[in-house]
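Visitor: Next up, input-v2.txt (compact mmCIF, C-alpha atoms).
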```txt
# COMPACT_ATOMS: atom_id res chain seq x y z
CA MET B 359 -11.57 -10.48 -16.63
CA ARG B 360 -12.32 -7.03 -18.04
CA SER B 361 -15.41 -5.59 -16.27
CA TYR B 362 -16.40 -4.61 -12.75
CA ARG B 363 -19.67 -6.52 -13.17
CA GLU B 364 -17.76 -9.70 -13.90
CA LEU B 365 -15.54 -8.98 -10.93
CA PHE B 366 -18.40 -8.75 -8.43
CA ARG B 367 -20.04 -11.83 -9.90
CA THR B 368 -16.97 -13.85 -8.96
CA PRO B 369 -17.79 -16.11 -6.00
CA GLU B 370 -16.48 -14.80 -2.68
CA PHE B 371 -15.23 -11.48 -4.06
CA THR B 372 -18.13 -9.42 -2.68
CA PRO B 373 -17.85 -10.56 0.97
CA PHE B 374 -14.07 -10.27 0.72
CA PHE B 375 -14.47 -6.71 -0.55
CA LEU B 376 -17.04 -5.75 2.10
CA ALA B 377 -14.89 -7.09 4.93
CA ALA B 378 -11.87 -5.11 3.69
CA SER B 379 -14.05 -1.98 3.39
CA ALA B 380 -15.19 -2.29 7.00
CA GLN B 381 -11.58 -2.71 8.14
CA THR B 382 -10.46 0.37 6.21
CA VAL B 383 -13.17 2.53 7.81
CA ALA B 384 -12.28 1.09 11.24
CA GLN B 385 -8.57 1.76 10.76
CA THR B 386 -9.19 5.35 9.60
CA MET B 387 -11.63 6.15 12.42
CA GLY B 388 -9.38 4.56 15.01
CA GLY B 389 -6.26 6.36 13.79
CA LEU B 390 -7.94 9.77 13.82
CA ALA B 391 -9.45 9.24 17.28
CA LEU B 392 -6.15 7.98 18.65
CA GLY B 393 -4.19 10.93 17.28
CA ILE B 394 -6.64 13.36 18.88
CA LEU B 395 -6.62 11.43 22.17
CA VAL B 396 -2.82 11.47 22.34
CA TYR B 397 -2.60 15.16 21.46
CA ARG B 398 -5.11 16.08 24.15
CA ALA B 399 -3.14 14.08 26.70
CA THR B 400 0.37 15.23 25.75
CA GLU B 401 -0.03 18.39 23.62
CA SER B 402 2.76 16.90 21.50
CA PRO B 403 2.34 17.03 17.69
CA LEU B 404 5.16 14.49 17.36
CA LEU B 405 3.56 11.90 19.65
CA SER B 406 0.18 12.49 18.01
CA ALA B 407 1.67 11.90 14.55
CA LEU B 408 3.57 8.82 15.72
CA SER B 409 0.42 7.35 17.25
CA MET B 410 -1.21 7.52 13.81
CA SER B 411 1.78 6.37 11.73
CA GLY B 412 3.63 4.10 14.15
CA SER B 413 1.87 0.95 12.99
CA SER B 414 3.01 1.65 9.41
CA LEU B 415 6.63 2.25 10.38
CA VAL B 416 6.88 -1.02 12.32
CA GLN B 417 5.64 -3.12 9.41
CA VAL B 418 9.17 -3.48 8.09
CA VAL B 419 9.94 -5.46 11.25
CA GLY B 420 7.04 -7.78 10.49
CA ALA B 421 8.28 -8.18 6.93
CA MET B 422 11.70 -9.24 8.23
CA PHE B 423 10.57 -11.72 10.88
CA LEU B 424 6.91 -12.74 10.52
CA LEU B 425 5.95 -12.66 6.86
CA SER B 426 6.34 -16.40 6.23
CA ALA B 427 2.99 -16.77 8.03
CA ALA B 428 1.22 -15.07 5.10
CA ASP B 429 1.36 -18.25 3.00
CA ARG B 430 1.46 -20.80 5.83
CA LEU B 431 -1.81 -19.91 7.58
CA PRO B 432 -5.31 -20.90 6.36
CA PRO B 433 -6.53 -17.64 4.77
CA ARG B 434 -10.07 -17.58 6.17
CA ALA B 435 -8.93 -18.38 9.69
CA ALA B 436 -6.20 -15.71 9.56
CA LEU B 437 -8.50 -13.04 8.14
CA THR B 438 -11.06 -13.84 10.84
CA ALA B 439 -8.59 -13.84 13.73
CA LEU B 440 -6.69 -10.67 12.75
CA PRO B 441 -9.71 -8.27 12.79
CA LEU B 442 -10.70 -9.73 16.17
CA LEU B 443 -7.17 -8.98 17.40
CA PHE B 444 -7.44 -5.43 16.01
CA ALA B 445 -10.85 -5.05 17.68
CA ALA B 446 -9.41 -6.05 21.05
CA GLY B 447 -6.42 -3.71 20.62
CA THR B 448 -8.61 -0.79 19.51
CA ALA B 449 -10.99 -1.30 22.41
CA ALA B 450 -8.01 -1.41 24.78
CA LEU B 451 -6.84 1.97 23.45
CA ALA B 452 -10.15 3.44 24.63
CA LEU B 453 -9.50 2.50 28.27
CA PRO B 454 -9.35 5.62 30.49
CA GLY B 455 -6.02 6.26 32.18
CA LEU B 456 -3.97 4.07 29.85
CA PRO B 457 -0.28 5.13 30.06
CA ILE B 458 1.20 6.52 26.87
CA TRP B 459 3.86 3.80 26.73
CA SER B 460 1.14 1.12 26.93
CA LEU B 461 -0.77 2.83 24.15
CA PHE B 462 2.26 2.81 21.87
CA ALA B 463 2.98 -0.83 22.73
CA ILE B 464 -0.53 -1.74 21.53
CA VAL B 465 -0.12 0.32 18.35
CA LEU B 466 3.19 -1.36 17.52
CA ALA B 467 1.81 -4.84 18.20
CA MET B 468 -1.11 -4.14 15.87
CA GLY B 469 1.35 -2.92 13.23
CA LEU B 470 3.25 -6.21 13.38
CA ALA B 471 0.01 -8.14 12.90
CA LYS B 472 -0.97 -5.90 9.97
CA SER B 473 2.27 -6.76 8.18
CA VAL B 474 1.12 -10.40 8.05
CA GLY B 475 -2.50 -9.50 7.33
CA GLY B 476 -1.59 -7.65 4.14
CA GLY B 477 0.17 -10.70 2.74
CA VAL B 478 -2.71 -13.01 3.64
CA ARG B 479 -5.28 -10.65 2.11
CA TRP B 480 -3.58 -10.00 -1.20
CA GLY B 481 -2.51 -13.61 -1.59
CA LEU B 482 -6.14 -14.68 -1.13
CA LEU B 483 -7.30 -12.05 -3.62
CA ASN B 484 -4.98 -13.63 -6.17
CA GLU B 485 -6.59 -17.02 -5.46
CA ILE B 486 -10.16 -15.73 -5.69
CA LEU B 487 -9.59 -13.88 -8.96
CA SER B 488 -6.60 -15.73 -10.46
CA LYS B 489 -3.66 -13.84 -11.88
CA ASP B 490 -5.50 -12.49 -14.95
CA GLY B 491 -8.03 -10.70 -12.72
CA TYR B 492 -5.69 -9.52 -9.97
CA LEU B 493 -4.95 -6.10 -11.42
CA LEU B 494 -8.63 -5.21 -11.96
CA GLY B 495 -9.47 -6.44 -8.47
CA ARG B 496 -6.62 -4.52 -6.86
CA SER B 497 -7.66 -1.36 -8.70
CA VAL B 498 -11.14 -1.69 -7.17
CA PHE B 499 -9.57 -2.12 -3.73
CA ASN B 500 -7.46 1.00 -4.27
CA MET B 501 -10.57 2.99 -5.19
CA MET B 502 -12.44 1.55 -2.21
CA SER B 503 -9.59 2.48 0.10
CA GLY B 504 -9.76 6.14 -0.88
CA LEU B 505 -13.54 6.33 -0.55
CA MET B 506 -13.61 4.44 2.74
CA GLN B 507 -10.88 6.66 4.17
CA ILE B 508 -12.99 9.69 3.35
CA ALA B 509 -15.99 8.03 5.01
CA GLY B 510 -13.87 7.03 8.00
CA TYR B 511 -12.44 10.49 8.52
CA ALA B 512 -15.88 12.11 8.17
CA THR B 513 -17.56 9.65 10.55
CA GLY B 514 -14.69 9.65 13.01
CA GLY B 515 -14.49 13.44 13.02
CA ALA B 516 -18.23 13.70 13.69
CA LEU B 517 -18.07 11.18 16.53
CA VAL B 518 -15.11 12.97 18.12
CA ALA B 519 -16.84 16.33 17.86
CA LEU B 520 -20.23 15.15 19.11
CA LEU B 521 -19.16 12.52 21.63
CA SER B 522 -15.49 11.67 22.34
CA PRO B 523 -12.41 10.00 20.83
CA ARG B 524 -12.99 6.95 23.05
CA ILE B 525 -16.49 6.42 21.60
CA SER B 526 -14.99 6.62 18.10
CA LEU B 527 -12.41 3.97 19.07
CA LEU B 528 -15.17 1.67 20.35
CA VAL B 529 -17.15 2.08 17.11
CA ALA B 530 -13.99 1.24 15.18
CA ALA B 531 -13.57 -1.90 17.31
CA ALA B 532 -17.15 -2.91 16.48
CA LEU B 533 -16.42 -2.50 12.75
CA TYR B 534 -13.43 -4.83 13.08
CA VAL B 535 -15.73 -7.45 14.66
CA LEU B 536 -18.17 -6.98 11.76
CA ALA B 537 -15.34 -7.51 9.26
CA ALA B 538 -14.36 -10.75 11.01
CA ALA B 539 -17.96 -12.00 10.88
CA VAL B 540 -18.25 -11.24 7.14
CA VAL B 541 -15.04 -13.16 6.44
CA ARG B 542 -16.09 -16.14 8.54
CA LEU B 543 -19.56 -16.39 6.98
CA GLY B 544 -18.78 -15.27 3.42
CA LEU B 545 -15.56 -17.10 2.52
CA THR B 546 -14.84 -20.78 2.16
CA GLY B 547 -12.01 -22.54 3.94
CA ARG B 548 -8.82 -22.95 1.93
CA PRO B 549 -5.58 -24.71 2.82
CA PRO B 550 -2.39 -22.66 3.21
CA ARG B 551 -0.55 -21.89 -0.02
CA ALA B 552 2.73 -23.24 1.39
CA THR B 553 3.63 -26.08 3.70
CA GLY B 554 5.58 -25.91 6.93
CA ARG B 555 5.34 -23.82 10.05
CA PRO B 556 5.80 -20.03 10.06
CA SER B 557 9.19 -19.06 11.44
CA VAL B 558 11.79 -16.33 11.34
CA SER B 559 14.14 -18.54 9.32
CA ALA B 560 11.39 -19.30 6.79
CA THR B 561 10.71 -15.58 6.46
CA TRP B 562 14.39 -14.85 5.84
CA ARG B 563 14.68 -17.65 3.27
CA ALA B 564 11.64 -16.43 1.37
CA ASN B 565 12.81 -12.81 1.49
CA ALA B 566 16.23 -13.88 0.21
CA LEU B 567 14.63 -15.90 -2.59
CA LEU B 568 12.38 -13.03 -3.64
CA TRP B 569 15.28 -10.58 -3.51
CA SER B 570 17.65 -12.88 -5.43
CA SER B 571 15.91 -12.14 -8.74
CA ALA B 572 17.05 -8.91 -10.40
CA PRO B 573 13.67 -8.30 -12.12
CA ARG B 574 11.83 -8.73 -8.80
CA ARG B 575 14.29 -6.42 -7.05
CA GLN B 576 13.63 -3.72 -9.62
CA VAL B 577 9.87 -4.14 -9.23
CA TYR B 578 10.12 -3.81 -5.45
CA LEU B 579 12.28 -0.70 -5.67
CA ALA B 580 9.86 0.84 -8.18
CA LEU B 581 6.94 0.02 -5.87
CA TRP B 582 8.56 1.44 -2.74
CA ILE B 583 10.75 4.44 -3.49
CA PRO B 584 9.33 6.80 -6.17
CA ASN B 585 5.76 6.86 -4.86
CA GLY B 586 6.94 6.86 -1.25
CA LEU B 587 8.87 10.07 -1.94
CA VAL B 588 5.77 11.64 -3.51
CA VAL B 589 3.74 10.70 -0.44
CA GLY B 590 6.33 12.85 1.34
CA CYS B 591 5.13 15.73 -0.84
CA GLU B 592 1.54 15.02 0.17
CA SER B 593 2.48 15.04 3.85
CA LEU B 594 3.36 18.75 3.46
CA TYR B 595 -0.05 19.90 2.16
CA VAL B 596 -1.06 21.21 5.57
CA SER B 597 2.07 23.30 6.09
CA TYR B 598 2.13 24.40 2.42
CA ALA B 599 -1.47 25.61 2.33
CA PRO B 600 -3.03 25.49 5.81
CA ASP B 601 -6.38 26.89 4.66
CA SER B 602 -6.58 24.77 1.50
CA ALA B 603 -5.00 21.46 2.48
CA GLY B 604 -8.38 19.70 2.39
CA THR B 605 -8.84 20.83 -1.20
CA LEU B 606 -5.43 19.48 -2.21
CA PHE B 607 -6.10 16.14 -0.50
CA ALA B 608 -9.49 15.87 -2.24
CA PHE B 609 -8.02 16.56 -5.70
CA ALA B 610 -5.17 14.12 -5.04
CA ALA B 611 -7.74 11.44 -4.18
CA LEU B 612 -9.61 12.27 -7.41
CA GLY B 613 -6.43 11.86 -9.46
CA MET B 614 -5.65 8.55 -7.77
CA LEU B 615 -9.15 7.30 -8.55
CA ALA B 616 -8.71 8.32 -12.20
CA GLY B 617 -5.38 6.50 -12.39
CA ASP B 618 -6.85 3.30 -10.95
CA VAL B 619 -9.73 3.34 -13.44
CA LEU B 620 -7.38 4.15 -16.33
CA VAL B 621 -4.90 1.36 -15.63
CA GLY B 622 -7.27 -1.20 -14.17
CA ARG B 623 -10.13 -0.88 -16.61
CA LEU B 624 -9.37 1.16 -19.73
CA VAL B 625 -5.79 0.40 -20.80
CA PRO B 626 -5.51 -2.83 -22.88
CA PRO B 627 -3.38 -5.54 -21.21
CA ARG B 628 -0.81 -5.47 -24.02
CA LEU B 629 -0.07 -1.79 -23.36
CA ARG B 630 0.06 -1.85 -19.55
CA PRO B 631 3.67 -3.05 -19.18
CA ARG B 632 4.87 0.01 -21.10
CA LEU B 633 3.18 2.47 -18.72
CA GLY B 634 4.95 1.66 -15.44
CA PHE B 635 7.87 4.08 -15.64
CA PRO B 636 6.05 6.88 -17.53
CA LEU B 637 3.38 6.88 -14.83
CA LEU B 638 6.05 7.08 -12.12
CA LEU B 639 7.51 10.15 -13.85
CA LEU B 640 4.02 11.65 -14.08
CA LEU B 641 3.69 11.07 -10.34
CA ALA B 642 6.66 13.32 -9.58
CA VAL B 643 7.06 15.95 -12.28
CA PRO B 644 3.94 18.08 -11.54
CA TYR B 645 5.27 18.74 -8.02
CA VAL B 646 8.52 20.31 -9.25
CA PRO B 647 6.96 23.78 -9.96
CA PHE B 648 5.64 24.00 -6.38
CA LEU B 649 8.85 25.89 -5.56
CA LEU B 650 7.15 28.85 -7.34
CA HIS B 651 4.08 28.69 -5.05
CA PRO B 652 1.44 28.34 -7.79
CA PRO B 653 -2.07 29.64 -7.03
CA LEU B 654 -4.54 27.13 -5.59
CA PRO B 655 -6.29 26.28 -8.91
CA PHE B 656 -2.94 25.43 -10.53
CA ALA B 657 -1.77 23.54 -7.46
CA ALA B 658 -4.97 21.50 -7.38
CA ALA B 659 -4.62 20.70 -11.09
CA ALA B 660 -0.99 19.68 -10.54
CA VAL B 661 -1.72 17.29 -7.67
CA THR B 662 -4.64 15.78 -9.62
CA LEU B 663 -2.43 15.12 -12.63
CA ALA B 664 0.40 13.80 -10.47
CA SER B 665 -1.84 11.40 -8.55
CA VAL B 666 -2.92 9.71 -11.77
CA GLY B 667 0.63 8.34 -11.69
CA PHE B 668 -0.18 6.20 -8.64
CA GLY B 669 -1.69 3.81 -11.22
CA ALA B 670 1.89 2.69 -11.84
CA SER B 671 1.69 0.50 -8.74
CA LEU B 672 -1.00 -1.64 -10.42
CA VAL B 673 1.30 -2.27 -13.39
CA GLN B 674 4.17 -3.19 -11.09
CA GLN B 675 2.03 -5.42 -8.86
CA GLU B 676 0.83 -7.33 -11.91
CA ARG B 677 4.45 -7.86 -12.93
CA LEU B 678 5.40 -8.94 -9.41
CA VAL B 679 2.63 -11.56 -9.36
CA ALA B 680 3.79 -12.84 -12.76
CA LEU B 681 7.39 -13.13 -11.52
CA THR B 682 6.52 -14.91 -8.24
CA PRO B 683 5.84 -18.64 -7.64
CA ASP B 684 2.28 -19.30 -6.49
CA ALA B 685 3.45 -20.65 -3.12
CA LEU B 686 5.10 -17.28 -2.34
CA THR B 687 2.41 -14.95 -3.68
CA GLY B 688 1.12 -13.87 -0.28
CA HIS B 689 4.64 -13.36 1.06
CA ALA B 690 5.67 -11.36 -2.01
CA LEU B 691 2.63 -9.08 -1.87
CA GLY B 692 2.96 -8.70 1.89
CA LEU B 693 6.58 -7.65 1.44
CA HIS B 694 5.44 -5.07 -1.11
CA SER B 695 2.76 -3.72 1.24
CA ALA B 696 5.03 -3.56 4.30
CA GLY B 697 7.88 -1.93 2.36
CA MET B 698 5.54 0.59 0.76
CA LEU B 699 4.01 1.70 4.08
CA THR B 700 7.41 1.88 5.73
CA MET B 701 8.85 3.97 2.89
CA GLN B 702 5.89 6.32 3.03
CA GLY B 703 6.47 6.90 6.74
CA VAL B 704 10.19 7.44 6.21
CA ALA B 705 9.55 9.82 3.30
CA ALA B 706 7.06 11.85 5.35
CA ALA B 707 9.66 12.22 8.11
CA LEU B 708 12.32 13.16 5.56
CA ALA B 709 10.06 15.69 3.85
CA GLY B 710 9.18 17.27 7.18
CA SER B 711 12.86 17.52 8.12
CA VAL B 712 13.75 19.20 4.81
CA ALA B 713 10.80 21.58 5.22
CA GLN B 714 12.08 22.54 8.69
CA LEU B 715 15.43 23.54 7.16
CA THR B 716 14.06 25.20 4.01
CA SER B 717 10.33 25.57 3.30
CA SER B 718 7.38 23.32 2.52
CA ALA B 719 7.46 24.35 -1.13
CA GLY B 720 11.20 23.72 -1.37
CA ALA B 721 10.86 20.33 0.30
CA MET B 722 8.05 19.29 -2.09
CA THR B 723 10.20 20.21 -5.08
CA ALA B 724 13.20 18.39 -3.62
CA MET B 725 11.20 15.20 -2.92
CA ALA B 726 9.65 15.26 -6.39
CA THR B 727 13.03 15.76 -8.06
CA LEU B 728 14.50 12.88 -6.06
CA SER B 729 11.54 10.66 -7.01
CA ALA B 730 11.99 11.43 -10.71
CA GLY B 731 15.73 10.76 -10.43
CA VAL B 732 15.14 7.36 -8.83
CA THR B 733 12.63 6.49 -11.55
CA LEU B 734 15.11 7.40 -14.30
CA ALA B 735 17.79 5.32 -12.60
CA LEU B 736 15.44 2.32 -12.42
CA MET B 737 14.54 2.79 -16.09
CA THR B 738 18.23 2.76 -17.01
CA ALA B 739 18.89 -0.35 -14.90
CA GLY B 740 15.91 -2.12 -16.45
CA ARG B 741 17.09 -1.41 -19.98
CA ARG B 742 20.59 -2.56 -19.10
CA GLU B 743 19.16 -5.79 -17.69
CA GLN B 744 17.16 -6.36 -20.87
CA ARG B 745 20.28 -5.88 -23.02
CA THR B 746 22.25 -8.26 -20.82
CA THR B 747 19.65 -11.04 -20.97
CA ALA B 748 18.65 -10.59 -24.62
CA PRO B 749 19.90 -13.41 -26.92
CA VAL B 750 22.71 -12.49 -29.29
CA PRO B 751 21.63 -12.89 -32.95
CA GLY B 752 23.25 -15.87 -34.59
CA ARG B 753 24.34 -17.54 -31.35
CA ARG B 754 23.27 -21.12 -30.94
CA ALA B 755 20.98 -22.01 -28.06
CA SER B 756 23.59 -24.32 -26.50
CA GLU B 757 26.14 -21.49 -26.47
CA GLY B 758 23.64 -19.18 -24.81
CA ARG B 759 22.92 -21.74 -22.08
CA SER B 760 26.63 -22.29 -21.43
CA ALA B 761 27.30 -18.60 -21.21
CA GLY B 762 24.46 -18.13 -18.72
CA ARG B 763 25.76 -20.63 -16.14
```
Can you give me the file's structure in the form of structure tokens?

Guide:
Amino acid sequence: MRSYRELFRTPEFTPFFLAASAQTVAQTMGGLALGILVYRATESPLLSALSMSGSSLVQVVGAMFLLSAADRLPPRAALTALPLLFAAGTAALALPGLPIWSLFAIVLAMGLAKSVGGGVRWGLLNEILSKDGYLLGRSVFNMMSGLMQIAGYATGGALVALLSPRISLLVAAALYVLAAAVVRLGLTGRPPRATGRPSVSATWRANALLWSSAPRRQVYLALWIPNGLVVGCESLYVSYAPDSAGTLFAFAALGMLAGDVLVGRLVPPRLRPRLGFPLLLLLAVPYVPFLLHPPLPFAAAAVTLASVGFGASLVQQERLVALTPDALTGHALGLHSAGMLTMQGVAAALAGSVAQLTSSAGAMTAMATLSAGVTLALMTAGRREQRTTAPVPGRRASEGRSAGR
């Protein structure tokens, strides 16, 4: 599958895509409205930030205890029920007089559900498109996510300014209901990819199985750590350039879009596996000169170039799907999603802490340098693994099998 036209002609892809778009707008609008609501009630920047990022941070808990459900639930039923759950939770957040602790309890519960929803969604995408079309499809979803976030922030900001945060939350809840209706009417029923009941023990067994493979471990680490650290750089745009942060975010989104198109559409399949680590280095290196406080045009060019490197995640996701048994695809992709979001939240907190002790520019350079160092370490480990597993010239096959036991 090599074209976007072919992608959208695939049965069920369009309603699947539209439902995910509606959920992304709803999540963005709801997060913005909630952050403003909490700040107005508490005047605490910390609580406001946690209200927006708390659901991401808790996803690691879902990955540890709940993720076996991603392959053991019927996909259409799960993707219908979860948006309805999010709609109810978002509407509850709009209730006047809700205590702050109750608000955070709802946010954390929704985060746990989202950890399962990511696995169900990406596992179903792999079924709809098959493995040879997964990368192109995921690149389209990445592009959609950026555009829908922009639309969500713009719409949510207008609703907050003209009406109130609670009205914006209710509109977000309505969008979740719309997403559930599109899934229910637009997708066909499929059986679960794996048998058995979801359980904590099943989640642990699957996590252990996925983590037992050295190649899969390296893919997960490459998916989680280098780009998570660079997201820490992005979290400092506001403090680095308060009057130009919007410009930096816009150019970063442009670079990410370019990277998704480059990797998902333009690079031939035979060349993609070679681009993973170079793109990760590209993601980090342009941030290193920020210690010198470059002028805005140079800073915008740097973040654009760096964000092209986010295309590395498409290469690594394609490799992860190839390394994973079909019955664990949803679980594997859900683990990737939960770990990625958790690492981004941790990196943002780490970057903010470093910036408190030094400066925003110094913290951005430090995070970028650390990201590049992790990438180089993963490259070295990958090459060592290849040398270890490569057959020795002249050795008979039987000897190789004996030595590998």

Visitor: What is the distance, in Å and to one decimal place, between CA of Ser571 in chain B and CA of Thr682 in chain B?

Guide: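 Computing it gives 9.8 Å between the two atoms.
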
Visitor: Tell me which protein, DNA and RNA residues are within 10 Å of Phe635 in chain B, counting only C-alpha atoms, leaving out same-chain ones fewer than 5 positions away, and put them as a list in words.

Guide: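 Here the answer would be Ala580, Pro584, Leu640, Leu641, Gly667, Ala670, Ser671, Val673, Gln674, Ala730, Thr733, Leu734, Leu736 and Met737 of chain B.
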
Visitor: Set the distance at 12 Å and use all atoms listed in the file: which residues neighbour Tyr492 in chain B once local chain neighbours fewer than 5 positions away are removed? I'd like the list as a PyMOL selection string.

Guide: chain B and resi 359-360+365+371+480-487+497-499+622-623+672-680+687+691

Visitor: Need to verify the contact set: range 433-441 of chain B, 8 Å, all atoms listed in the file, exclusion of same-chain residues closer than 2 positions in sequence. Can you return it as a PyMOL selection string?

Guide: chain B and resi 381+431+443-445+471-472+475+478-479+482+534-535+537-539+541-542+545-550

Visitor: Quick one: distance from CA of Phe374 in chain B to CA of Thr386 in chain B in Å, one decimal?

Guide: 18.6 Å

Visitor: To one decimal place, how far is CA of Thr372 in chain B from CA of Leu536 in chain B in Å?

Guide: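 About the pair CA of Thr372 in chain B and CA of Leu536 in chain B: they are 14.6 Å apart.
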
Visitor: Do you know which residues lie at most 8 Å from (1.4, -8.5, 9.0), with coordinates as in the file and all atoms listed in the file counted, and could you write them as a PyMOL selection string?

Guide: chain B and resi 417+420-421+424-425+428+469-477+692+696

Visitor: Assuming 6 Å of padding per side, give the centre and edge lengths of the axis-aligned box around every listed atom of range 615-631 of chain B, in Å to one decimal and as AutoDock Vina command-line options.

Guide:
```
--center_x -3.2 --center_y 1.4 --center_z -16.3 --size_x 25.8 --size_y 25.9 --size_z 27.5
```

Visitor: Hey, what's within 9 Å of Ala657 in chain B if we count only C-alpha atoms and toss same-chain stuff fewer than 3 positions away? As a PDB file with C-alpha atoms, in the frame of the given file, please?

Guide:
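Once written, part.pdb looks like this:
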```
ATOM      1  CA  LEU B 606      -5.430  19.480  -2.210  1.00  0.00           C
ATOM      2  CA  PRO B 644       3.940  18.080 -11.540  1.00  0.00           C
ATOM      3  CA  TYR B 645       5.270  18.740  -8.020  1.00  0.00           C
ATOM      4  CA  PHE B 648       5.640  24.000  -6.380  1.00  0.00           C
ATOM      5  CA  HIS B 651       4.080  28.690  -5.050  1.00  0.00           C
ATOM      6  CA  PRO B 652       1.440  28.340  -7.790  1.00  0.00           C
ATOM      7  CA  PRO B 653      -2.070  29.640  -7.030  1.00  0.00           C
ATOM      8  CA  LEU B 654      -4.540  27.130  -5.590  1.00  0.00           C
ATOM      9  CA  ALA B 660      -0.990  19.680 -10.540  1.00  0.00           C
ATOM     10  CA  VAL B 661      -1.720  17.290  -7.670  1.00  0.00           C
ATOM     11  CA  THR B 662      -4.640  15.780  -9.620  1.00  0.00           C
TER      12      THR B 662
END
```

Visitor: For a quick check of understanding, using all atoms listed in the file, which of B:Arg496, B:Arg363, B:Arg551, B:Arg524 has the smallest distance to Leu453 in chain B?

Guide: B:Arg524

Visitor: So, with only C-alpha atoms as the atoms that count, which of B:Gly554, B:Gly590, B:Gly731, B:Pro655 lies closest to Leu639 in chain B?

Guide: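 Result for the nearest residue to Leu639 in chain B: B:Gly731.
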
Visitor: Have a look at B:Tyr595, B:Ala378, B:Leu686, B:Val732 and name the one nearest to Met506 in chain B; count all atoms listed in the file.

Guide: B:Ala378

Visitor: Which residues are near Ala509 in chain B? Cut-off 10 Å, only C-alpha atoms, ignore same chain within fewer than 4 positions. Put them as a list of chain:residue names.

Guide: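 Answer for this query is B:Thr382, B:Val383, B:Thr386, B:Met387, B:Ser503, B:Gly504, B:Leu505, B:Thr513, B:Gly514, B:Gly515.
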
Visitor: The selected residues should be written to file as a short mmCIF file (atom, residue, chain, number, x, y, z; two decimals), in the frame of the given file (atoms: C-alpha atoms).

Guide:
```cif
data_model
loop_
_atom_site.label_atom_id
_atom_site.label_comp_id
_atom_site.auth_asym_id
_atom_site.auth_seq_id
_atom_site.Cartn_x
_atom_site.Cartn_y
_atom_site.Cartn_z
CA THR B 382 -10.46 0.37 6.21
CA VAL B 383 -13.17 2.53 7.81
CA THR B 386 -9.19 5.35 9.60
CA MET B 387 -11.63 6.15 12.42
CA SER B 503 -9.59 2.48 0.10
CA GLY B 504 -9.76 6.14 -0.88
CA LEU B 505 -13.54 6.33 -0.55
CA THR B 513 -17.56 9.65 10.55
CA GLY B 514 -14.69 9.65 13.01
CA GLY B 515 -14.49 13.44 13.02
#
```

Visitor: Looking at all atoms listed in the file, which of B:Ala450, B:Leu376, B:Val465, B:Ala566 is the one that sits closest to Val416 in chain B?

Guide: B:Val465

Visitor: Quick one: of B:Gly586, B:Pro627, B:Pro369, B:Gly447, who's nearest to Ala707 in chain B, counting only C-alpha atoms?

Guide: B:Gly586

Visitor: Around the point (6.8, 16.0, 5.0), in the coordinates given by the file, pick out the residues reaching within 12 Å, counting all atoms listed in the file, and return them as number ranges by chain.

Guide: B: 407, 586-598, 702-726

Visitor: Choose the residue, out of B:Val418, B:Ala512, B:Leu533, B:Leu681, that has the smallest atom-to-atom separation from Met698 in chain B; count all atoms listed in the file.

Guide: B:Val418

Visitor: Generate N, CA and C atoms for range 703-713 of chain B and emit them as a PDB file, keeping the file's coordinate frame.

Guide:
```pdb
ATOM      1  N   GLY B 703       6.203   6.276   5.451  1.00  0.00           N
ATOM      2  CA  GLY B 703       6.470   6.900   6.740  1.00  0.00           C
ATOM      3  C   GLY B 703       7.839   7.552   6.791  1.00  0.00           C
ATOM      4  N   VAL B 704       8.848   6.871   6.242  1.00  0.00           N
ATOM      5  CA  VAL B 704      10.190   7.440   6.210  1.00  0.00           C
ATOM      6  C   VAL B 704      10.225   8.700   5.350  1.00  0.00           C
ATOM      7  N   ALA B 705       9.548   8.665   4.196  1.00  0.00           N
ATOM      8  CA  ALA B 705       9.550   9.820   3.300  1.00  0.00           C
ATOM      9  C   ALA B 705       8.832  11.008   3.937  1.00  0.00           C
ATOM     10  N   ALA B 706       7.758  10.748   4.676  1.00  0.00           N
ATOM     11  CA  ALA B 706       7.060  11.850   5.350  1.00  0.00           C
ATOM     12  C   ALA B 706       7.974  12.496   6.386  1.00  0.00           C
ATOM     13  N   ALA B 707       8.716  11.668   7.132  1.00  0.00           N
ATOM     14  CA  ALA B 707       9.660  12.220   8.110  1.00  0.00           C
ATOM     15  C   ALA B 707      10.771  13.008   7.422  1.00  0.00           C
ATOM     16  N   LEU B 708      11.271  12.468   6.296  1.00  0.00           N
ATOM     17  CA  LEU B 708      12.320  13.160   5.560  1.00  0.00           C
ATOM     18  C   LEU B 708      11.826  14.481   4.990  1.00  0.00           C
ATOM     19  N   ALA B 709      10.619  14.468   4.417  1.00  0.00           N
ATOM     20  CA  ALA B 709      10.060  15.690   3.850  1.00  0.00           C
ATOM     21  C   ALA B 709       9.858  16.745   4.936  1.00  0.00           C
ATOM     22  N   GLY B 710       9.369  16.324   6.086  1.00  0.00           N
ATOM     23  CA  GLY B 710       9.180  17.270   7.180  1.00  0.00           C
ATOM     24  C   GLY B 710      10.504  17.858   7.659  1.00  0.00           C
ATOM     25  N   SER B 711      11.547  17.032   7.695  1.00  0.00           N
ATOM     26  CA  SER B 711      12.860  17.520   8.120  1.00  0.00           C
ATOM     27  C   SER B 711      13.414  18.539   7.127  1.00  0.00           C
ATOM     28  N   VAL B 712      13.274  18.256   5.825  1.00  0.00           N
ATOM     29  CA  VAL B 712      13.750  19.200   4.810  1.00  0.00           C
ATOM     30  C   VAL B 712      12.958  20.502   4.890  1.00  0.00           C
ATOM     31  N   ALA B 713      11.634  20.374   5.119  1.00  0.00           N
ATOM     32  CA  ALA B 713      10.800  21.580   5.220  1.00  0.00           C
ATOM     33  C   ALA B 713      11.202  22.430   6.424  1.00  0.00           C
TER      34      ALA B 713
END
```
